[in-house]
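Okay, so here's the structure we're looking at.
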Amino acid sequence: MAISITPSSTKRALPDSSDLGFGKYFADHMFTMVYDAALGGWQEGAVVPYAPFQLDPAAGALHYGQTMFEGLKAFRQPDGAIALFRPRKHAERMHSGAPRLCMPGPEIESFLAGARALVQTDAAWVPSAPSTSLYLRPTLIATEGFLGVRPSNQYLFFIISSPVGSYYGGGLRPVKIWVELDQTRAAKGGIGAAKAAANYVASLQAAVRAKKAGYEQVLWLDSTKHENVEEVGTMNFMVVIDDELVTPPLSDSILAGVTRDSVLTIAPELGIKPVERTLPLREIVEAQKSGRLREVFGCGSAAVVSPVGELALGDERLKVANGETGPIAKALHDTIVGIQRGTLPDKHGWLERVPMKTGQSS
């Protein structure tokens, strides 16, 4: 795919690595690509200066929720090069998830070409300090202006990027989780397996309530009986009971996390037995009371691995691993981060180095 590049005439000041946080700053450019059914589908892509979009007030994204996104990272390597972590897996997930929202998923190679072109153009925005990276947010929205419940005939795929630090701040540290016993993030037969924006807005009210009570994230249960655990906040959920690493199996209400897949691949290499099975909340409670619950953690592209130190079930509080980061969560975190940053061998071919343009410095 031919990609045109329009350099920004104004360059933003690069933020200090110590002040990055998550999603506070945005790089100078963005990648855009238009879909128009009347023109035969996807058109050529472009890297253009980061700027607001002009959107029809009747756009399908605004009225009927045809909106989804991805999240992946680019990492500075020890030799100064830049590498994307498992970009093809993210491209495949958007391509396969979009039809559930009646959207045309960008072709995988077009997604990848756009991500590479954007990182090439904004290479200076990829930080090198520990625990930092350039976060890419590929997004797909319906843009046709109309009223009437039907799929749009026009779409915009775009990628923006943001230099980020640790998702929670303070590095790898245990977080406190609120177990949601009433509301539901996603229902069986719904769109929970697609990375749809609607899944996130469904989680906000409970998340705000949990944060007011002093908890960082929400543990979501199944929508039918609220008995089995599914996801935690924006991450997949894992526990270590006895000698097994247990995570709920993928379903139409659980997102197929790329980091989840990475953890399940790496765990046996570290001597950890991964098991995908239904995980009742009562089993976690009983395992904690009997001393068999060793660790609890979430995993996702933004936070990588996030250990859990406490679970709140109504008025009951369950301490996990004495409120400390467990050795398995730490080993998995350190291994994935080591691969991402190029300090550990990439045995699975997960890193894709981004070639710099002739004469360009990374």
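Residue names in the structure tokens use chain letters A, B, ... in the order shown, residue numbers from 1 in each chain, and ligand numbers from 1 in the order shown.
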Residues of range 5-54 of chain A at most 7 Å from range 104-122 of chain A: nearest atom pair and distance in Å, only C-alpha atoms, as a Markdown table:
```
| residue | atom | partner | partner_atom | distance |
| --- | --- | --- | --- | --- |
| A:Ala27 | CA | A:Asp122 | CA | 6.7 |
| A:Asp28 | CA | A:Asp122 | CA | 6.8 |
| A:His29 | CA | A:Asp122 | CA | 6.9 |
| A:Met30 | CA | A:Leu118 | CA | 6.4 |
| A:Phe31 | CA | A:Gly114 | CA | 6.1 |
| A:Val47 | CA | A:Leu118 | CA | 6.4 |
```
Save out the residues we just selected, C-alpha atoms, as an mmCIF file, in the first residue's frame.
```
data_model
loop_
_atom_site.group_PDB
_atom_site.id
_atom_site.type_symbol
_atom_site.label_atom_id
_atom_site.label_comp_id
_atom_site.auth_asym_id
_atom_site.auth_seq_id
_atom_site.Cartn_x
_atom_site.Cartn_y
_atom_site.Cartn_z
ATOM 1 C CA ALA A 27 2.966 12.613 19.004
ATOM 2 C CA ASP A 28 3.049 14.978 16.024
ATOM 3 C CA HIS A 29 1.356 12.774 13.423
ATOM 4 C CA MET A 30 -1.411 10.240 12.870
ATOM 5 C CA PHE A 31 -2.181 7.646 10.231
ATOM 6 C CA VAL A 47 0.396 10.011 7.608
#
```
Excluding Phe69 in chain A and residues on its chain fewer than 6 positions from it, collect all residues at most 10 Å away from it, counting only C-alpha atoms, and give them as a PDB file with C-alpha atoms, in the first residue's frame.
```pdb
ATOM      1  CA  HIS A  90      -3.376  -6.870  17.096  1.00  0.00           C
ATOM      2  CA  ARG A  93      -7.834  -9.156  16.225  1.00  0.00           C
ATOM      3  CA  MET A  94      -9.257  -5.944  14.762  1.00  0.00           C
ATOM      4  CA  GLY A  97     -13.565  -8.488  15.504  1.00  0.00           C
ATOM      5  CA  ALA A  98     -14.884  -5.734  13.239  1.00  0.00           C
ATOM      6  CA  ARG A 137      -4.093   3.408  19.421  1.00  0.00           C
ATOM      7  CA  PRO A 138      -5.518   2.106  16.118  1.00  0.00           C
ATOM      8  CA  THR A 139      -9.210   3.075  15.932  1.00  0.00           C
ATOM      9  CA  LEU A 140     -12.076   2.329  13.543  1.00  0.00           C
ATOM     10  CA  ILE A 141     -15.196   4.524  13.425  1.00  0.00           C
ATOM     11  CA  PHE A 157      -9.389   3.925  10.352  1.00  0.00           C
ATOM     12  CA  PHE A 158      -6.765   5.966  12.149  1.00  0.00           C
ATOM     13  CA  ILE A 159      -3.775   5.437  14.427  1.00  0.00           C
ATOM     14  CA  ALA A 194     -14.649  -7.536  20.213  1.00  0.00           C
ATOM     15  CA  LYS A 195     -12.597  -4.565  21.364  1.00  0.00           C
ATOM     16  CA  ALA A 196     -15.629  -2.323  20.994  1.00  0.00           C
ATOM     17  CA  ALA A 197     -15.818   1.052  22.701  1.00  0.00           C
TER      18      ALA A 197
END
```
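Restricting the calculation to only C-alpha atoms, the smallest distance between Gly148 in chain A and any of A:Lys319, A:Glu283, A:Val296, A:Ala59 is found for A:Ala59.
With only C-alpha atoms as the atoms that count, the minimum distance from Leu281 in chain A to the choices A:Ser131, A:Asn228, A:Thr325, A:Gln154 is reached by A:Asn228.
Candidate residues A:Ile336, A:Leu293, A:Val246, A:Leu147 were compared for distance to Asp56 in chain A, and the nearest is A:Leu147, using only C-alpha atoms.
Residue nearest Asp242 in chain A within the list A:Ser9, A:Ser18, A:Thr132, A:Ser290: A:Ser290 [criterion: smallest interatomic distance, only C-alpha atoms].
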Quiz prompt | Pick from A:Pro163, A:Gly171, A:Gly309, A:Gly192 nearest to Met68 in chain A, counting only C-alpha atoms | solution = A:Gly192
Quiz prompt | Residue set, range 225-313 of chain A restricted to strand (DSSP E), as a VMD selection string | solution = chain A and resid 229 to 232 235 to 241 244 to 247 273 to 276 293 to 300 304 to 313
For those residues, write N, CA and C atoms to a file as a short mmCIF file (atom, residue, chain, number, x, y, z; two decimals), in the first residue's frame.
```cif
data_model
loop_
_atom_site.label_atom_id
_atom_site.label_comp_id
_atom_site.auth_asym_id
_atom_site.auth_seq_id
_atom_site.Cartn_x
_atom_site.Cartn_y
_atom_site.Cartn_z
N VAL A 229 -15.79 -15.74 37.26
CA VAL A 229 -15.02 -14.55 36.92
C VAL A 229 -14.74 -14.53 35.42
N GLU A 230 -14.65 -13.31 34.86
CA GLU A 230 -14.38 -13.16 33.44
C GLU A 230 -13.17 -12.26 33.19
N GLU A 231 -13.32 -10.95 33.34
CA GLU A 231 -12.21 -10.02 33.12
C GLU A 231 -12.04 -9.12 34.33
N VAL A 232 -10.88 -8.48 34.40
CA VAL A 232 -10.64 -7.52 35.48
C VAL A 232 -10.28 -6.18 34.84
N MET A 235 -8.32 -5.79 31.55
CA MET A 235 -7.33 -6.87 31.43
C MET A 235 -7.99 -8.23 31.53
N ASN A 236 -7.28 -9.25 31.05
CA ASN A 236 -7.66 -10.63 31.32
C ASN A 236 -7.25 -10.98 32.74
N PHE A 237 -7.90 -11.99 33.31
CA PHE A 237 -7.76 -12.30 34.73
C PHE A 237 -7.10 -13.66 34.92
N MET A 238 -6.16 -13.75 35.87
CA MET A 238 -5.45 -15.00 36.14
C MET A 238 -5.23 -15.16 37.63
N VAL A 239 -5.27 -16.42 38.08
CA VAL A 239 -4.97 -16.74 39.47
C VAL A 239 -4.00 -17.91 39.51
N VAL A 240 -3.26 -18.01 40.59
CA VAL A 240 -2.42 -19.18 40.83
C VAL A 240 -2.98 -19.88 42.05
N ILE A 241 -3.55 -21.07 41.84
CA ILE A 241 -4.09 -21.91 42.91
C ILE A 241 -3.26 -23.18 42.95
N GLU A 244 -1.13 -24.39 39.75
CA GLU A 244 -1.70 -24.11 38.44
C GLU A 244 -1.98 -22.63 38.23
N LEU A 245 -1.68 -22.16 37.04
CA LEU A 245 -2.04 -20.81 36.62
C LEU A 245 -3.37 -20.93 35.87
N VAL A 246 -4.43 -20.42 36.46
CA VAL A 246 -5.78 -20.61 35.93
C VAL A 246 -6.32 -19.31 35.36
N THR A 247 -6.92 -19.39 34.18
CA THR A 247 -7.57 -18.24 33.56
C THR A 247 -8.85 -18.71 32.89
N LYS A 273 2.34 -24.31 35.03
CA LYS A 273 1.32 -25.02 34.27
C LYS A 273 0.10 -24.13 34.06
N PRO A 274 -0.19 -23.69 32.82
CA PRO A 274 -1.38 -22.87 32.58
C PRO A 274 -2.61 -23.75 32.31
N VAL A 275 -3.75 -23.33 32.85
CA VAL A 275 -5.00 -24.06 32.67
C VAL A 275 -6.09 -23.06 32.32
N GLU A 276 -6.81 -23.33 31.22
CA GLU A 276 -7.94 -22.50 30.84
C GLU A 276 -9.23 -23.25 31.20
N LEU A 293 -4.62 -20.18 47.55
CA LEU A 293 -4.56 -19.08 46.58
C LEU A 293 -3.22 -18.38 46.73
N ARG A 294 -2.34 -18.57 45.76
CA ARG A 294 -0.99 -18.02 45.87
C ARG A 294 -0.89 -16.62 45.27
N GLU A 295 -1.52 -16.41 44.10
CA GLU A 295 -1.41 -15.11 43.43
C GLU A 295 -2.66 -14.82 42.63
N VAL A 296 -2.91 -13.53 42.42
CA VAL A 296 -3.96 -13.06 41.51
C VAL A 296 -3.37 -11.91 40.71
N PHE A 297 -3.61 -11.88 39.39
CA PHE A 297 -3.12 -10.75 38.60
C PHE A 297 -3.92 -10.60 37.32
N GLY A 298 -3.86 -9.41 36.76
CA GLY A 298 -4.44 -9.14 35.46
C GLY A 298 -3.32 -8.98 34.46
N CYS A 299 -3.65 -9.12 33.17
CA CYS A 299 -2.64 -8.91 32.14
C CYS A 299 -3.27 -8.25 30.92
N GLY A 300 -2.56 -7.30 30.35
CA GLY A 300 -3.04 -6.57 29.18
C GLY A 300 -1.93 -5.76 28.57
N VAL A 304 0.79 -4.71 31.05
CA VAL A 304 1.55 -5.96 30.91
C VAL A 304 1.02 -6.97 31.94
N VAL A 305 1.58 -6.98 33.15
CA VAL A 305 1.07 -7.82 34.24
C VAL A 305 0.86 -6.93 35.45
N SER A 306 -0.33 -7.03 36.04
CA SER A 306 -0.67 -6.18 37.19
C SER A 306 -1.10 -7.07 38.36
N PRO A 307 -0.22 -7.25 39.36
CA PRO A 307 -0.58 -8.10 40.50
C PRO A 307 -1.69 -7.49 41.35
N VAL A 308 -2.48 -8.36 41.96
CA VAL A 308 -3.60 -7.94 42.81
C VAL A 308 -3.27 -8.29 44.25
N GLY A 309 -3.39 -7.31 45.13
CA GLY A 309 -3.09 -7.52 46.55
C GLY A 309 -4.31 -7.67 47.43
N GLU A 310 -5.47 -7.26 46.88
CA GLU A 310 -6.69 -7.35 47.69
C GLU A 310 -7.91 -7.42 46.79
N LEU A 311 -8.88 -8.25 47.18
CA LEU A 311 -10.17 -8.34 46.50
C LEU A 311 -11.26 -7.93 47.48
N ALA A 312 -12.17 -7.07 47.04
CA ALA A 312 -13.27 -6.63 47.89
C ALA A 312 -14.57 -7.23 47.37
N LEU A 313 -15.24 -8.04 48.22
CA LEU A 313 -16.53 -8.63 47.89
C LEU A 313 -17.56 -8.06 48.87
#
```
Exercise. Name all residues at most 12 Å from range 209-211 of chain A (count only C-alpha atoms; drop same-chain ones fewer than 5 positions away) and give them as a PyMOL selection string.
Key: chain A and resi 175-181+183+203-204+216-219+233+311-314
Quiz item: Could you pull out the helix (DSSP H, G or I) residues of range 178-237 of chain A from DSSP and send them as a ChimeraX atom specification?
Solution: /A:197-212
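Nearest residue to Ala213 in chain A, choosing from A:Arg173, A:Met33, A:Asp315, A:Val48 and counting only C-alpha atoms: A:Asp315.
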Quiz prompt | Long-range neighbours of Ala302 in chain A as an MDAnalysis selection string, 9 Å cut-off, only C-alpha atoms, 3 positions minimum in chain | solution = chainID A and resid 22 71:73 135 166:167 234:235 299 305
Practice problem: Quick one: everything within 7 Å of Glu324 in chain A, counting only C-alpha atoms, minus sequence neighbours fewer than 2 positions away in the same chain. Send it as a PyMOL selection string. | Solution: chain A and resi 174+309+321-322+326
N, CA and C atoms of the current selection, written as a compact mmCIF listing (two decimals), in the first residue's frame:
```txt
# COMPACT_ATOMS: atom_id res chain seq x y z
N PRO A 174 1.18 -4.21 43.60
CA PRO A 174 -0.16 -4.79 43.72
C PRO A 174 -1.24 -3.70 43.74
N GLY A 309 -3.39 -7.31 45.13
CA GLY A 309 -3.09 -7.52 46.55
C GLY A 309 -4.31 -7.67 47.43
N ALA A 321 -1.51 -12.93 48.65
CA ALA A 321 -0.04 -12.91 48.71
C ALA A 321 0.47 -11.85 49.69
N ASN A 322 -0.25 -11.72 50.81
CA ASN A 322 0.11 -10.72 51.84
C ASN A 322 0.18 -9.31 51.28
N GLY A 326 3.58 -11.33 43.76
CA GLY A 326 4.02 -12.71 43.83
C GLY A 326 5.12 -13.03 42.84
```
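The coordinates place CA of Met1 in chain A at 29.0 Å from CA of Val164 in chain A.
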Quiz item: Can you list, as number ranges by chain, every protein, DNA or RNA residue that comes within 6 Å of range 341-345 of chain A when you count only C-alpha atoms, leaving out same-chain residues fewer than 2 positions away?
Solution: A: 75, 77, 338-339, 347
